[in-house]
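Q: Following this line is final.csv, made up of CSV, C-alpha atoms:
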chain,number,residue,atom,x,y,z
Q,1,MET,CA,0.0,0.0,0.0
Q,2,THR,CA,1.2,3.5,-0.8
Q,3,GLN,CA,-0.3,5.3,2.2
Q,4,ALA,CA,-1.7,4.5,5.7
Q,5,ALA,CA,-5.2,3.0,5.7
Q,6,ALA,CA,-7.9,5.4,6.8
Q,7,SER,CA,-11.1,4.6,8.6
Q,8,ALA,CA,-14.5,5.2,7.0
Q,9,PRO,CA,-16.6,8.0,8.5
Q,10,VAL,CA,-18.5,6.6,11.5
Q,11,PHE,CA,-22.1,7.7,10.8
Q,12,PRO,CA,-22.2,6.7,7.1
Q,13,ALA,CA,-20.7,3.3,8.0
Q,14,LEU,CA,-23.3,2.9,10.7
Q,15,ARG,CA,-26.2,3.8,8.4
Q,16,THR,CA,-24.9,1.2,5.9
Q,17,ALA,CA,-24.6,-1.5,8.5
Q,18,ILE,CA,-28.2,-0.8,9.7
Q,19,ARG,CA,-29.5,-0.8,6.1
Q,20,ARG,CA,-27.8,-4.1,5.3
Q,21,HIS,CA,-29.2,-5.7,8.4
Q,22,ALA,CA,-32.7,-4.6,7.5
Q,23,LYS,CA,-32.3,-5.9,3.9
Q,24,ALA,CA,-30.5,-9.1,4.8
Q,25,ALA,CA,-33.7,-11.2,4.6
Q,26,LYS,CA,-34.0,-10.4,0.9
Q,27,PHE,CA,-30.8,-12.4,0.2
Q,28,ARG,CA,-29.4,-15.9,0.8
Q,29,PHE,CA,-25.7,-15.7,1.3
Q,30,GLU,CA,-23.7,-18.8,0.3
Q,31,PRO,CA,-20.8,-19.8,2.6
Q,32,PRO,CA,-17.8,-17.7,1.8
Q,33,ARG,CA,-14.9,-19.4,-0.1
Q,34,ASP,CA,-11.3,-18.7,0.9
Q,35,PRO,CA,-9.3,-17.7,-2.2
Q,36,HIS,CA,-6.6,-20.1,-3.3
Q,37,SER,CA,-4.6,-17.6,-5.2
Q,38,ARG,CA,-4.0,-13.9,-5.3
Q,39,GLN,CA,-7.1,-12.0,-6.5
Q,40,LEU,CA,-7.8,-9.0,-8.7
Q,41,LEU,CA,-11.2,-8.0,-7.6
Q,42,VAL,CA,-12.8,-6.0,-10.4
Q,43,ASP,CA,-15.8,-3.9,-9.5
Q,44,VAL,CA,-18.5,-4.2,-12.2
Q,45,SER,CA,-21.5,-3.2,-10.1
Q,46,VAL,CA,-23.2,-1.0,-12.7
Q,47,VAL,CA,-22.9,-3.6,-15.5
Q,48,VAL,CA,-24.4,-6.3,-13.2
Q,49,LEU,CA,-27.2,-4.2,-11.8
Q,50,GLU,CA,-28.1,-2.0,-14.8
Q,51,ASP,CA,-26.0,-2.2,-18.0
Q,52,VAL,CA,-27.0,0.8,-20.1
Q,53,ARG,CA,-24.1,0.0,-22.5
Q,54,THR,CA,-22.6,3.5,-22.5
Q,55,GLY,CA,-19.0,4.2,-23.4
Q,56,ILE,CA,-17.9,3.5,-19.8
Q,57,GLN,CA,-19.6,0.1,-19.9
Q,58,ARG,CA,-17.8,-0.7,-23.2
Q,59,VAL,CA,-14.5,0.1,-21.4
Q,60,VAL,CA,-15.6,-2.1,-18.4
Q,61,ARG,CA,-16.4,-5.1,-20.5
Q,62,ALA,CA,-13.4,-4.8,-22.8
Q,63,LEU,CA,-10.9,-4.4,-19.9
Q,64,LEU,CA,-12.5,-7.1,-17.8
Q,65,GLY,CA,-12.3,-9.6,-20.7
Q,66,GLN,CA,-8.7,-8.7,-21.5
Q,67,LEU,CA,-7.6,-8.8,-17.9
Q,68,ALA,CA,-9.2,-12.3,-17.5
Q,69,ALA,CA,-7.4,-13.4,-20.7
Q,70,ALA,CA,-4.0,-12.1,-19.5
Q,71,ALA,CA,-4.1,-13.6,-16.0
Q,72,GLY,CA,-1.6,-16.3,-15.3
Q,73,PRO,CA,-2.1,-19.3,-13.0
Q,74,ASP,CA,-1.2,-17.4,-9.9
Q,75,LEU,CA,-3.8,-14.7,-10.3
Q,76,ILE,CA,-7.6,-14.9,-10.2
Q,77,VAL,CA,-9.4,-12.1,-12.0
Q,78,GLN,CA,-12.7,-12.1,-10.1
Q,79,PRO,CA,-15.5,-9.7,-11.1
Q,80,VAL,CA,-17.4,-8.4,-8.1
Q,81,PHE,CA,-20.5,-6.2,-7.5
Q,82,ALA,CA,-22.1,-4.5,-4.6
Q,83,SER,CA,-25.3,-2.5,-4.0
Q,84,ARG,CA,-26.6,-0.2,-1.3
Q,85,ASN,CA,-28.1,-3.3,0.4
Q,86,HIS,CA,-25.1,-5.7,0.4
Q,87,GLY,CA,-21.4,-5.7,0.2
Q,88,TYR,CA,-19.2,-7.1,-2.6
Q,89,CYS,CA,-20.2,-10.4,-4.0
Q,90,HIS,CA,-18.9,-12.6,-6.9
Q,91,ALA,CA,-20.0,-12.0,-10.5
Q,92,LEU,CA,-19.5,-14.0,-13.6
Q,93,LEU,CA,-18.2,-13.0,-17.0
Q,94,ALA,CA,-19.9,-15.0,-19.8
Q,95,THR,CA,-18.3,-15.7,-23.1
Q,96,ASP,CA,-20.6,-13.2,-24.8
Q,97,GLY,CA,-19.6,-10.4,-22.4
Q,98,ARG,CA,-22.6,-10.5,-20.2
Q,99,VAL,CA,-21.7,-10.0,-16.5
Q,100,THR,CA,-24.1,-11.4,-14.0
Q,101,ASN,CA,-24.5,-12.4,-10.3
Q,102,ALA,CA,-22.5,-15.6,-9.7
Q,103,GLY,CA,-25.4,-16.9,-7.5
Q,104,MET,CA,-27.4,-19.6,-9.2
Q,105,ALA,CA,-30.8,-18.2,-8.2
Q,106,GLU,CA,-32.5,-14.8,-7.7
Q,107,GLY,CA,-31.3,-13.3,-4.4
Q,108,VAL,CA,-28.5,-15.8,-3.9
Q,109,LEU,CA,-25.1,-14.1,-3.3
Q,110,GLN,CA,-21.5,-15.3,-2.9
Q,111,PRO,CA,-19.7,-12.9,-0.6
Q,112,VAL,CA,-16.1,-11.9,-1.4
Q,113,VAL,CA,-13.3,-13.0,1.0
Q,114,THR,CA,-10.0,-11.1,0.7
Q,115,GLN,CA,-6.5,-11.8,1.7
Q,116,SER,CA,-3.3,-9.8,2.0
Q,117,GLY,CA,-1.8,-9.1,-1.4
Q,118,ASP,CA,-5.2,-8.9,-3.3
Q,119,VAL,CA,-5.9,-5.9,-5.4
Q,120,PHE,CA,-9.3,-4.2,-5.7
Q,121,LEU,CA,-10.0,-2.3,-9.0
Q,122,GLY,CA,-13.0,0.0,-9.1
Q,123,LEU,CA,-13.3,-0.5,-12.9
Q,124,ASP,CA,-17.0,0.6,-13.2
Q,125,LEU,CA,-18.1,4.1,-12.4
Q,126,ALA,CA,-20.2,3.2,-9.4
Q,127,ALA,CA,-20.2,6.6,-7.7
Q,128,HIS,CA,-23.6,6.0,-6.2
Q,129,ILE,CA,-22.5,2.7,-4.6
Q,130,VAL,CA,-18.9,3.2,-3.5
Q,131,PRO,CA,-19.8,5.5,-0.5
Q,132,HIS,CA,-22.0,2.7,0.9
Q,133,VAL,CA,-19.1,0.2,0.8
Q,134,GLU,CA,-16.4,2.4,2.1
Q,135,ALA,CA,-16.2,0.6,5.4
Q,136,ASP,CA,-15.6,-2.7,3.5
Q,137,LEU,CA,-12.8,-1.1,1.4
Q,138,ALA,CA,-11.2,0.4,4.6
Q,139,ARG,CA,-11.2,-3.0,6.3
Q,140,TRP,CA,-9.8,-4.7,3.3
Q,141,ARG,CA,-7.1,-2.1,3.0
Q,142,ARG,CA,-6.1,-2.5,6.7
Q,143,ASN,CA,-5.8,-6.2,6.0
Q,144,GLY,CA,-3.4,-5.7,3.1
Q,145,VAL,CA,-5.6,-5.3,0.0
Q,146,THR,CA,-4.5,-2.5,-2.4
Q,147,ILE,CA,-7.4,-0.3,-3.4
Q,148,SER,CA,-7.4,1.2,-6.9
Q,149,PHE,CA,-9.9,3.0,-9.1
Q,150,LEU,CA,-10.2,3.8,-12.8
Q,151,VAL,CA,-11.2,7.5,-13.3
Q,152,TYR,CA,-13.0,8.4,-16.5
Q,153,ASP,CA,-13.7,12.1,-16.0
Q,154,LEU,CA,-14.6,14.7,-13.4
Q,155,LEU,CA,-16.9,16.8,-15.5
Q,156,PRO,CA,-19.9,16.7,-13.2
Q,157,VAL,CA,-17.9,18.6,-10.5
Q,158,LEU,CA,-16.0,20.7,-13.0
Q,159,GLN,CA,-19.0,21.8,-15.0
Q,160,PRO,CA,-22.1,20.9,-12.8
Q,161,ASN,CA,-24.4,23.0,-15.0
Q,162,TRP,CA,-24.1,20.4,-17.8
Q,163,PHE,CA,-25.5,17.6,-15.5
Q,164,PRO,CA,-28.5,16.9,-13.2
Q,165,PRO,CA,-27.8,18.3,-9.8
Q,166,GLN,CA,-27.5,14.9,-8.1
Q,167,THR,CA,-24.7,13.8,-10.4
Q,168,ALA,CA,-22.2,16.4,-9.1
Q,169,ARG,CA,-23.1,15.4,-5.5
Q,170,LYS,CA,-22.5,11.7,-6.2
Q,171,ILE,CA,-19.2,12.4,-7.9
Q,172,ASP,CA,-18.1,14.6,-5.0
Q,173,ARG,CA,-18.9,11.9,-2.4
Q,174,TRP,CA,-17.1,9.3,-4.6
Q,175,LEU,CA,-14.0,11.6,-4.8
Q,176,ARG,CA,-13.9,11.9,-1.0
Q,177,VAL,CA,-13.9,8.1,-0.7
Q,178,LEU,CA,-11.0,8.0,-3.2
Q,179,LYS,CA,-9.1,10.6,-1.2
Q,180,ARG,CA,-9.5,8.5,2.0
Q,181,GLN,CA,-9.2,4.9,0.7
Q,182,ALA,CA,-7.5,4.7,-2.7
Q,183,ASP,CA,-3.9,3.8,-3.0
Q,184,HIS,CA,-3.9,4.3,-6.7
Q,185,CYS,CA,-6.0,6.0,-9.3
Q,186,ILE,CA,-5.7,5.2,-13.0
Q,187,CYS,CA,-6.9,7.8,-15.4
Q,188,ILE,CA,-7.9,7.5,-19.1
Q,189,SER,CA,-6.0,10.7,-20.2
Q,190,GLU,CA,-3.4,13.1,-18.9
Q,191,VAL,CA,-6.1,15.8,-18.8
Q,192,VAL,CA,-8.2,13.7,-16.4
Q,193,ALA,CA,-5.1,12.9,-14.3
Q,194,THR,CA,-4.4,16.6,-13.9
Q,195,ASP,CA,-8.0,17.3,-13.0
Q,196,LEU,CA,-8.0,14.5,-10.5
Q,197,ALA,CA,-4.8,15.6,-8.7
Q,198,ARG,CA,-6.2,19.0,-8.2
Q,199,GLU,CA,-9.6,17.9,-7.1
Q,200,LEU,CA,-8.3,15.3,-4.6
Q,201,ALA,CA,-5.8,17.8,-3.2
Q,202,ALA,CA,-8.7,20.2,-2.6
Q,203,ARG,CA,-10.7,17.6,-0.6
Q,204,GLY,CA,-9.0,17.8,2.8
Q,205,SER,CA,-5.5,17.3,4.1
Q,206,GLY,CA,-3.5,14.1,3.7
Q,207,PRO,CA,-1.7,12.4,0.8
Q,208,VAL,CA,-3.1,12.1,-2.7
Q,209,PRO,CA,-3.2,8.5,-4.1
Q,210,LYS,CA,-0.7,7.6,-6.8
Q,211,ILE,CA,-2.1,8.7,-10.2
Q,212,THR,CA,-1.2,7.1,-13.5
Q,213,THR,CA,-2.8,6.8,-17.0
Q,214,ILE,CA,-3.6,4.0,-19.5
Q,215,PRO,CA,-4.5,4.1,-23.1
Q,216,LEU,CA,-8.0,3.0,-24.2
Q,217,GLY,CA,-8.4,0.4,-27.0
Q,218,SER,CA,-9.6,1.2,-30.5
Q,219,ASP,CA,-10.6,-2.2,-31.5
Q,220,LEU,CA,-14.4,-2.3,-31.2
Q,221,ALA,CA,-14.5,-6.1,-31.8
Q,222,ALA,CA,-12.6,-6.8,-28.6
Q,223,SER,CA,-15.1,-5.1,-26.4
Q,224,TYR,CA,-17.8,-7.8,-26.5
Q,225,PRO,CA,-19.8,-5.8,-29.1
Q,226,SER,CA,-23.6,-6.1,-29.0
Q,227,GLN,CA,-25.2,-7.6,-32.0
Q,228,GLY,CA,-28.3,-6.9,-34.1
Q,229,LEU,CA,-29.3,-4.9,-37.2
Q,230,PRO,CA,-32.5,-3.0,-37.7
Q,231,GLN,CA,-35.2,-4.2,-40.1
Q,232,ASP,CA,-34.7,-1.0,-42.2
Q,233,ILE,CA,-30.9,-1.6,-42.6
Q,234,ALA,CA,-31.3,-1.5,-46.4
Q,235,PHE,CA,-32.6,2.1,-46.2
Q,236,LEU,CA,-29.6,3.1,-44.0
Q,237,ARG,CA,-27.1,1.5,-46.2
Q,238,LYS,CA,-28.5,3.2,-49.3
Q,239,TRP,CA,-28.7,6.5,-47.4
Q,240,MET,CA,-25.0,6.4,-46.5
Q,241,GLN,CA,-24.2,5.7,-50.2
Q,242,ASP,CA,-26.3,8.6,-51.4
Q,243,TYR,CA,-24.9,11.3,-49.1
Q,244,ARG,CA,-21.6,12.4,-47.7
Q,245,VAL,CA,-22.5,11.5,-44.1
Q,246,ILE,CA,-21.1,13.3,-41.1
Q,247,LEU,CA,-21.3,11.0,-38.0
Q,248,ALA,CA,-21.6,12.2,-34.4
Q,249,VAL,CA,-21.7,9.6,-31.6
Q,250,GLY,CA,-22.7,10.1,-28.0
Q,251,THR,CA,-25.6,10.7,-25.6
Q,252,ILE,CA,-27.7,13.8,-26.4
Q,253,GLU,CA,-26.5,16.0,-23.5
Q,254,PRO,CA,-25.4,19.7,-23.2
Q,255,ARG,CA,-21.6,19.2,-23.4
Q,256,LYS,CA,-21.6,17.2,-26.6
Q,257,GLY,CA,-22.0,20.3,-28.8
Q,258,TYR,CA,-24.8,18.8,-30.9
Q,259,GLN,CA,-26.8,22.1,-31.0
Q,260,GLN,CA,-23.8,24.0,-32.6
Q,261,LEU,CA,-23.2,21.2,-35.1
Q,262,LEU,CA,-26.9,21.0,-36.0
Q,263,ASP,CA,-27.1,24.8,-36.3
Q,264,ALA,CA,-24.1,24.8,-38.7
Q,265,LEU,CA,-25.6,22.2,-40.9
Q,266,ILE,CA,-29.1,23.8,-41.0
Q,267,ARG,CA,-27.5,27.0,-42.2
Q,268,HIS,CA,-25.5,25.0,-44.8
Q,269,TRP,CA,-28.6,23.2,-46.0
Q,270,ASN,CA,-30.5,26.6,-46.3
Q,271,GLN,CA,-27.6,28.1,-48.2
Q,272,ALA,CA,-27.1,25.0,-50.4
Q,273,PRO,CA,-30.5,23.3,-51.0
Q,274,ASP,CA,-28.9,20.7,-53.3
Q,275,SER,CA,-26.0,19.8,-50.9
Q,276,ASN,CA,-25.4,16.1,-50.4
Q,277,ILE,CA,-23.9,16.6,-46.9
Q,278,ALA,CA,-26.0,14.8,-44.3
Q,279,LEU,CA,-25.8,14.3,-40.5
Q,280,LEU,CA,-26.2,11.0,-38.6
Q,281,ILE,CA,-26.4,11.2,-34.9
Q,282,VAL,CA,-25.9,8.0,-32.9
Q,283,GLY,CA,-26.8,8.4,-29.2
Q,284,ARG,CA,-29.3,7.8,-26.5
Q,285,PRO,CA,-31.6,10.6,-25.3
Q,286,GLY,CA,-29.9,12.4,-22.4
Q,287,TRP,CA,-30.6,15.2,-20.0
Q,288,LYS,CA,-31.2,19.0,-20.3
Q,289,THR,CA,-31.7,18.8,-24.0
Q,290,ASP,CA,-35.5,18.4,-24.5
Q,291,LYS,CA,-35.6,21.3,-27.0
Q,292,LEU,CA,-32.8,19.9,-29.0
Q,293,GLN,CA,-34.2,16.4,-29.0
Q,294,ALA,CA,-37.6,17.8,-30.2
Q,295,GLN,CA,-35.8,19.7,-33.0
Q,296,LEU,CA,-34.0,16.5,-34.1
Q,297,ARG,CA,-37.2,14.6,-34.3
Q,298,THR,CA,-39.3,17.2,-36.1
Q,299,HIS,CA,-36.9,19.1,-38.3
Q,300,GLU,CA,-37.9,19.1,-42.0
Q,301,GLU,CA,-34.6,17.3,-42.9
Q,302,GLN,CA,-35.3,14.4,-40.5
Q,303,GLY,CA,-35.3,11.3,-42.6
Q,304,LYS,CA,-33.7,13.2,-45.5
Q,305,ARG,CA,-30.4,14.7,-44.7
Q,306,LEU,CA,-30.7,14.2,-40.9
Q,307,LEU,CA,-31.0,10.9,-39.0
Q,308,TRP,CA,-31.0,10.3,-35.3
Q,309,LEU,CA,-30.5,6.7,-34.2
Q,310,ASP,CA,-31.0,6.2,-30.5
Q,311,GLY,CA,-30.7,2.5,-30.1
Q,312,VAL,CA,-27.7,1.3,-32.1
Q,313,SER,CA,-26.0,-2.0,-31.5
Q,314,ASP,CA,-22.2,-2.2,-31.7
Q,315,GLU,CA,-22.5,-4.4,-34.8
Q,316,LEU,CA,-24.4,-1.6,-36.5
Q,317,LEU,CA,-22.0,1.1,-35.2
Q,318,ALA,CA,-19.1,-0.8,-36.7
Q,319,GLU,CA,-20.9,-0.8,-40.1
Q,320,ILE,CA,-21.7,2.9,-39.8
Q,321,TYR,CA,-18.1,3.7,-39.1
Q,322,GLN,CA,-17.2,2.1,-42.4
Q,323,GLY,CA,-20.0,3.9,-44.4
Q,324,VAL,CA,-19.6,7.5,-43.4
Q,325,ALA,CA,-17.5,10.3,-44.9
Q,326,GLY,CA,-16.2,11.4,-41.5
Q,327,LEU,CA,-16.8,11.7,-37.7
Q,328,VAL,CA,-17.2,15.1,-36.0
Q,329,ALA,CA,-16.7,15.5,-32.3
Q,330,ALA,CA,-18.1,18.8,-31.2
Q,331,SER,CA,-17.9,18.1,-27.4
Q,332,HIS,CA,-16.9,21.0,-25.2
Q,333,ALA,CA,-15.2,18.5,-22.8
Q,334,GLU,CA,-14.4,14.8,-22.5
Q,335,GLY,CA,-12.4,12.4,-20.4
Q,336,PHE,CA,-11.1,10.7,-23.6
Q,337,GLY,CA,-13.4,10.3,-26.6
Q,338,LEU,CA,-13.6,6.6,-27.5
Q,339,PRO,CA,-15.6,7.0,-30.7
Q,340,LEU,CA,-12.9,9.2,-32.2
Q,341,ILE,CA,-10.2,6.5,-32.0
Q,342,GLU,CA,-12.7,3.8,-32.9
Q,343,ALA,CA,-13.4,5.8,-36.1
Q,344,LEU,CA,-9.7,6.3,-36.7
Q,345,ALA,CA,-9.2,2.5,-36.5
Q,346,TYR,CA,-11.6,2.2,-39.4
Q,347,ARG,CA,-9.6,4.9,-41.2
Q,348,VAL,CA,-12.5,7.4,-40.9
Q,349,PRO,CA,-11.4,11.1,-41.0
Q,350,VAL,CA,-12.0,12.9,-37.7
Q,351,LEU,CA,-12.8,16.6,-37.1
Q,352,ALA,CA,-12.7,17.5,-33.4
Q,353,ARG,CA,-13.2,20.6,-31.4
Q,354,ASP,CA,-9.9,22.0,-30.5
Q,355,ILE,CA,-9.7,21.0,-26.8
Q,356,MET,CA,-6.7,19.6,-24.9
Q,357,VAL,CA,-8.0,16.0,-24.5
Q,358,PHE,CA,-8.6,15.6,-28.3
Q,359,ARG,CA,-5.2,17.0,-29.0
Q,360,GLU,CA,-3.8,14.5,-26.5
Q,361,ILE,CA,-5.4,11.4,-28.0
Q,362,GLY,CA,-5.5,12.5,-31.7
Q,363,GLY,CA,-2.4,14.7,-32.3
Q,364,THR,CA,-1.9,15.3,-36.0
Q,365,HIS,CA,-4.2,12.4,-36.9
Q,366,PHE,CA,-7.3,14.6,-36.3
Q,367,ASP,CA,-8.4,17.8,-37.9
Q,368,TYR,CA,-9.7,20.5,-35.5
Q,369,PHE,CA,-12.1,23.5,-35.3
Q,370,ALA,CA,-12.3,26.2,-32.8
Q,371,ASP,CA,-15.1,28.5,-34.0
Q,372,ASP,CA,-18.5,26.9,-33.7
Q,373,ALA,CA,-20.6,29.8,-35.0
Q,374,PRO,CA,-22.9,28.4,-37.7
Q,375,GLU,CA,-21.2,30.1,-40.7
Q,376,ALA,CA,-17.7,29.3,-39.6
Q,377,LEU,CA,-18.4,25.7,-38.6
Q,378,GLY,CA,-20.4,25.1,-41.7
Q,379,ASP,CA,-17.6,26.3,-43.9
Q,380,ARG,CA,-15.1,24.2,-41.9
Q,381,LEU,CA,-17.2,21.1,-42.3
Q,382,GLU,CA,-17.5,21.5,-46.1
Q,383,GLY,CA,-13.8,22.2,-46.6
Q,384,TRP,CA,-12.9,19.2,-44.3
Q,385,LEU,CA,-15.1,16.8,-46.3
Q,386,ASP,CA,-13.7,18.1,-49.6
Q,387,ALA,CA,-10.2,17.4,-48.4
Q,388,LYS,CA,-10.9,13.7,-47.8
Q,389,ARG,CA,-7.9,13.3,-45.4
Q,390,ALA,CA,-8.4,9.7,-44.5
Q,391,PRO,CA,-6.0,8.2,-41.9
Q,392,SER,CA,-3.4,5.8,-43.3
Q,393,ALA,CA,-3.4,2.1,-42.8
Q,394,ASP,CA,-0.2,2.5,-40.7
Q,395,THR,CA,-1.9,5.1,-38.5
Q,396,ALA,CA,-4.9,2.7,-37.8
Q,397,ALA,CA,-2.5,-0.2,-37.2
Q,398,ALA,CA,-0.5,1.7,-34.6
Q,399,LEU,CA,-3.5,2.6,-32.4
Q,400,PRO,CA,-3.6,0.9,-29.0
Q,401,ARG,CA,-5.8,-2.2,-28.7
Q,402,TRP,CA,-7.7,-3.3,-25.6
Q,403,ALA,CA,-5.0,-6.0,-25.0
Q,404,ASP,CA,-2.5,-3.1,-24.8
Q,405,SER,CA,-4.7,-1.3,-22.3
Q,406,ALA,CA,-5.0,-4.3,-20.1
Q,407,GLU,CA,-1.3,-5.0,-20.3
Q,408,THR,CA,-0.5,-1.4,-19.1
Q,409,LEU,CA,-3.1,-1.7,-16.4
Q,410,MET,CA,-1.6,-5.0,-15.1
Q,411,ARG,CA,1.8,-3.4,-14.9
Q,412,ASP,CA,0.4,-0.3,-13.2
Q,413,LEU,CA,-1.3,-2.5,-10.6
Q,414,LYS,CA,2.0,-4.4,-10.1
Q,415,LEU,CA,0.3,-7.7,-11.1
Q,416,VAL,CA,3.1,-8.4,-13.7
Q,417,ALA,CA,6.7,-7.4,-14.0
Q,418,ALA,CA,7.2,-3.8,-15.3
Now, as a test, write the supplied structure out as structure tokens.
A:
Amino acid sequence: MTQAAASAPVFPALRTAIRRHAKAAKFRFEPPRDPHSRQLLVDVSVVVLEDVRTGIQRVVRALLGQLAAAAGPDLIVQPVFASRNHGYCHALLATDGRVTNAGMAEGVLQPVVTQSGDVFLGLDLAAHIVPHVEADLARWRRNGVTISFLVYDLLPVLQPNWFPPQTARKIDRWLRVLKRQADHCICISEVVATDLARELAARGSGPVPKITTIPLGSDLAASYPSQGLPQDIAFLRKWMQDYRVILAVGTIEPRKGYQQLLDALIRHWNQAPDSNIALLIVGRPGWKTDKLQAQLRTHEEQGKRLLWLDGVSDELLAEIYQGVAGLVAASHAEGFGLPLIEALAYRVPVLARDIMVFREIGGTHFDYFADDAPEALGDRLEGWLDAKRAPSADTAAALPRWADSAETLMRDLKLVAA
């Protein structure tokens, strides 16, 4: 461990203990099993309890699978999950990427037993659960378990106006647990690492956990991609052939910059009625964007030069990457930007807002824009498409894969030789 173990705050720990006692009758706990090898306990709570298949869940499944594949005979990679009503219990990773409770029946749980030398990895973003298991993490840590967390971004506390009010509160509580209990935090970009060091230092005295970074993988096929094509796939395929399609991927939420992108294209369509430039948005409905979502559904170009797909499988997304003219990332802030490097892996040109994290992950392989006024962005989009600056095969081949991400993570966690 890199720092002395801290106790969990007394009153939250007491409330958790009372709640678990009250809810215990809902569960049947199987006899705990003593581990026979060193364990990497991988928290996948959100995937087990409610897998909404966001970008974070893609990272969770991809890294869990690669960690399990890379483990040697002296290491058990054990997925685990917790809830407000019980502590950490065993989960199972299926061959198709589904992660479920290891208990063989509803309400049957297999509690986790730890030993000195084990490593806990908070791989899932379970900010609403971790404060309820802090006493468990503190006890494990005192008994010689190293506590680590993957950190995706801190945007809800940096820009709370972009998110529902409760989101910032949850992330703040989660950060305070990390400050007290984490030995090591692994970030998905240097931008996030810098933000994390500052935010942890601001949350009370005492040492800040070790902070490192890992690359994320670009190979969609290695992330247990979901399957399924829509019945009207023939229409979509022909539509992508008929137009120069600009793709934007991500939840419809304020920070993604969809409004500015749409405004630029509406102006372009009005100025050039015969233009063959089209916009395809792939993303689930989010928060604080009701007006934008209504505009996307009802605009006169909907179904013509504008499509919004809000329930896309990974299989379909892979096909879309291969059929579009380019991907635009208009986000005002990100922790990384997984769709950008996934697109790059398919040799799709990428135009990104000129922000630090996109410069970090894309360098000279992306094109950039700074002015999102409708006229300026519309002209930039048109010129970028005309340039047809597709990434080279060598660029795509050099991108990190999920196996590389897992290898770096194993080294960072000191589970393999550096």
Q: Using all atoms listed in the file, determine which residues lie at most 12 Å from Leu261 (chain Q), disregarding the query and same-chain residues fewer than 4 positions distant; provide the list as a PyMOL selection string.
A: chain Q and resi 246-248+255-257+265-268+278-281+292+296+306+327-332+351-353+369+371-381
Q: One decimal, in Å: what's the spacing between CA of Asp404 (chain Q) and CA of Gly217 (chain Q)?
A: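 Separation of CA of Asp404 (chain Q) and CA of Gly217 (chain Q): 7.2 Å.
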Q: Counting all atoms listed in the file, which of Q:Leu415, Q:Ala333, Q:Leu385, Q:Val48 gets nearest to Pro156 (chain Q)?
A: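 Looking at the shortest contact to Pro156 (chain Q), the residue is Q:Ala333.
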Q: Nearest to Phe81 (chain Q): which of Q:Pro35, Q:Asp314, Q:Val133, Q:Gln115 is it, counting only C-alpha atoms?
A: Q:Val133
Q: With all atoms listed in the file as the atoms that count, which of Q:Thr212, Q:Thr114, Q:Gln322, Q:Gln259 lies nearest to Val191 (chain Q)?
A: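 Of all the options, Q:Thr212 lies closest to Val191 (chain Q).
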Q: Find, counting only C-alpha atoms, the residue in Q:Ile341, Q:Leu409, Q:Ala24, Q:Met356 that gets nearest to Thr395 (chain Q).
A: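 The shortest atom-to-atom distance to Thr395 (chain Q) comes from Q:Ile341.
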Q: Ala126 (chain Q): which residues within 9 Å, counting only C-alpha atoms, same-chain residues fewer than 6 positions away excluded, as a list in words?
A: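 Close residues of Ala126 (chain Q): Asp43, Val44, Ser45, Val46 and Trp174 of chain Q.
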Q: Point out the residue among Q:Leu340, Q:Val348, Q:Ala102, Q:Ala403 with the least atom-to-atom distance to Ala221 (chain Q), counting all atoms listed in the file.
A: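 Closest residue, counting all atoms listed in the file: Q:Ala403.
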Q: Just add N, CA and C atoms to region 402-411 of chain Q and send it as a PDB file, in the coordinates of the input.
A:
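Below is the file that was written, result-v5.pdb:
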ATOM      1  N   TRP Q 402      -7.280  -3.083 -27.015  1.00  0.00           N
ATOM      2  CA  TRP Q 402      -7.700  -3.300 -25.600  1.00  0.00           C
ATOM      3  C   TRP Q 402      -6.703  -4.252 -24.914  1.00  0.00           C
ATOM      4  N   ALA Q 403      -6.037  -5.130 -25.651  1.00  0.00           N
ATOM      5  CA  ALA Q 403      -5.000  -6.000 -25.000  1.00  0.00           C
ATOM      6  C   ALA Q 403      -3.851  -5.094 -24.518  1.00  0.00           C
ATOM      7  N   ASP Q 404      -3.519  -4.022 -25.257  1.00  0.00           N
ATOM      8  CA  ASP Q 404      -2.500  -3.100 -24.800  1.00  0.00           C
ATOM      9  C   ASP Q 404      -2.934  -2.368 -23.540  1.00  0.00           C
ATOM     10  N   SER Q 405      -4.193  -1.967 -23.520  1.00  0.00           N
ATOM     11  CA  SER Q 405      -4.700  -1.300 -22.300  1.00  0.00           C
ATOM     12  C   SER Q 405      -4.626  -2.160 -21.108  1.00  0.00           C
ATOM     13  N   ALA Q 406      -5.020  -3.420 -21.257  1.00  0.00           N
ATOM     14  CA  ALA Q 406      -5.000  -4.300 -20.100  1.00  0.00           C
ATOM     15  C   ALA Q 406      -3.559  -4.623 -19.673  1.00  0.00           C
ATOM     16  N   GLU Q 407      -2.653  -4.724 -20.625  1.00  0.00           N
ATOM     17  CA  GLU Q 407      -1.300  -5.000 -20.300  1.00  0.00           C
ATOM     18  C   GLU Q 407      -0.691  -3.809 -19.447  1.00  0.00           C
ATOM     19  N   THR Q 408      -0.968  -2.580 -19.889  1.00  0.00           N
ATOM     20  CA  THR Q 408      -0.500  -1.400 -19.100  1.00  0.00           C
ATOM     21  C   THR Q 408      -1.156  -1.380 -17.751  1.00  0.00           C
ATOM     22  N   LEU Q 409      -2.431  -1.704 -17.679  1.00  0.00           N
ATOM     23  CA  LEU Q 409      -3.100  -1.700 -16.400  1.00  0.00           C
ATOM     24  C   LEU Q 409      -2.547  -2.744 -15.452  1.00  0.00           C
ATOM     25  N   MET Q 410      -2.238  -3.923 -15.963  1.00  0.00           N
ATOM     26  CA  MET Q 410      -1.600  -5.000 -15.100  1.00  0.00           C
ATOM     27  C   MET Q 410      -0.285  -4.527 -14.564  1.00  0.00           C
ATOM     28  N   ARG Q 411       0.494  -3.853 -15.404  1.00  0.00           N
ATOM     29  CA  ARG Q 411       1.800  -3.400 -14.900  1.00  0.00           C
ATOM     30  C   ARG Q 411       1.599  -2.278 -13.867  1.00  0.00           C
TER      31      ARG Q 411
END
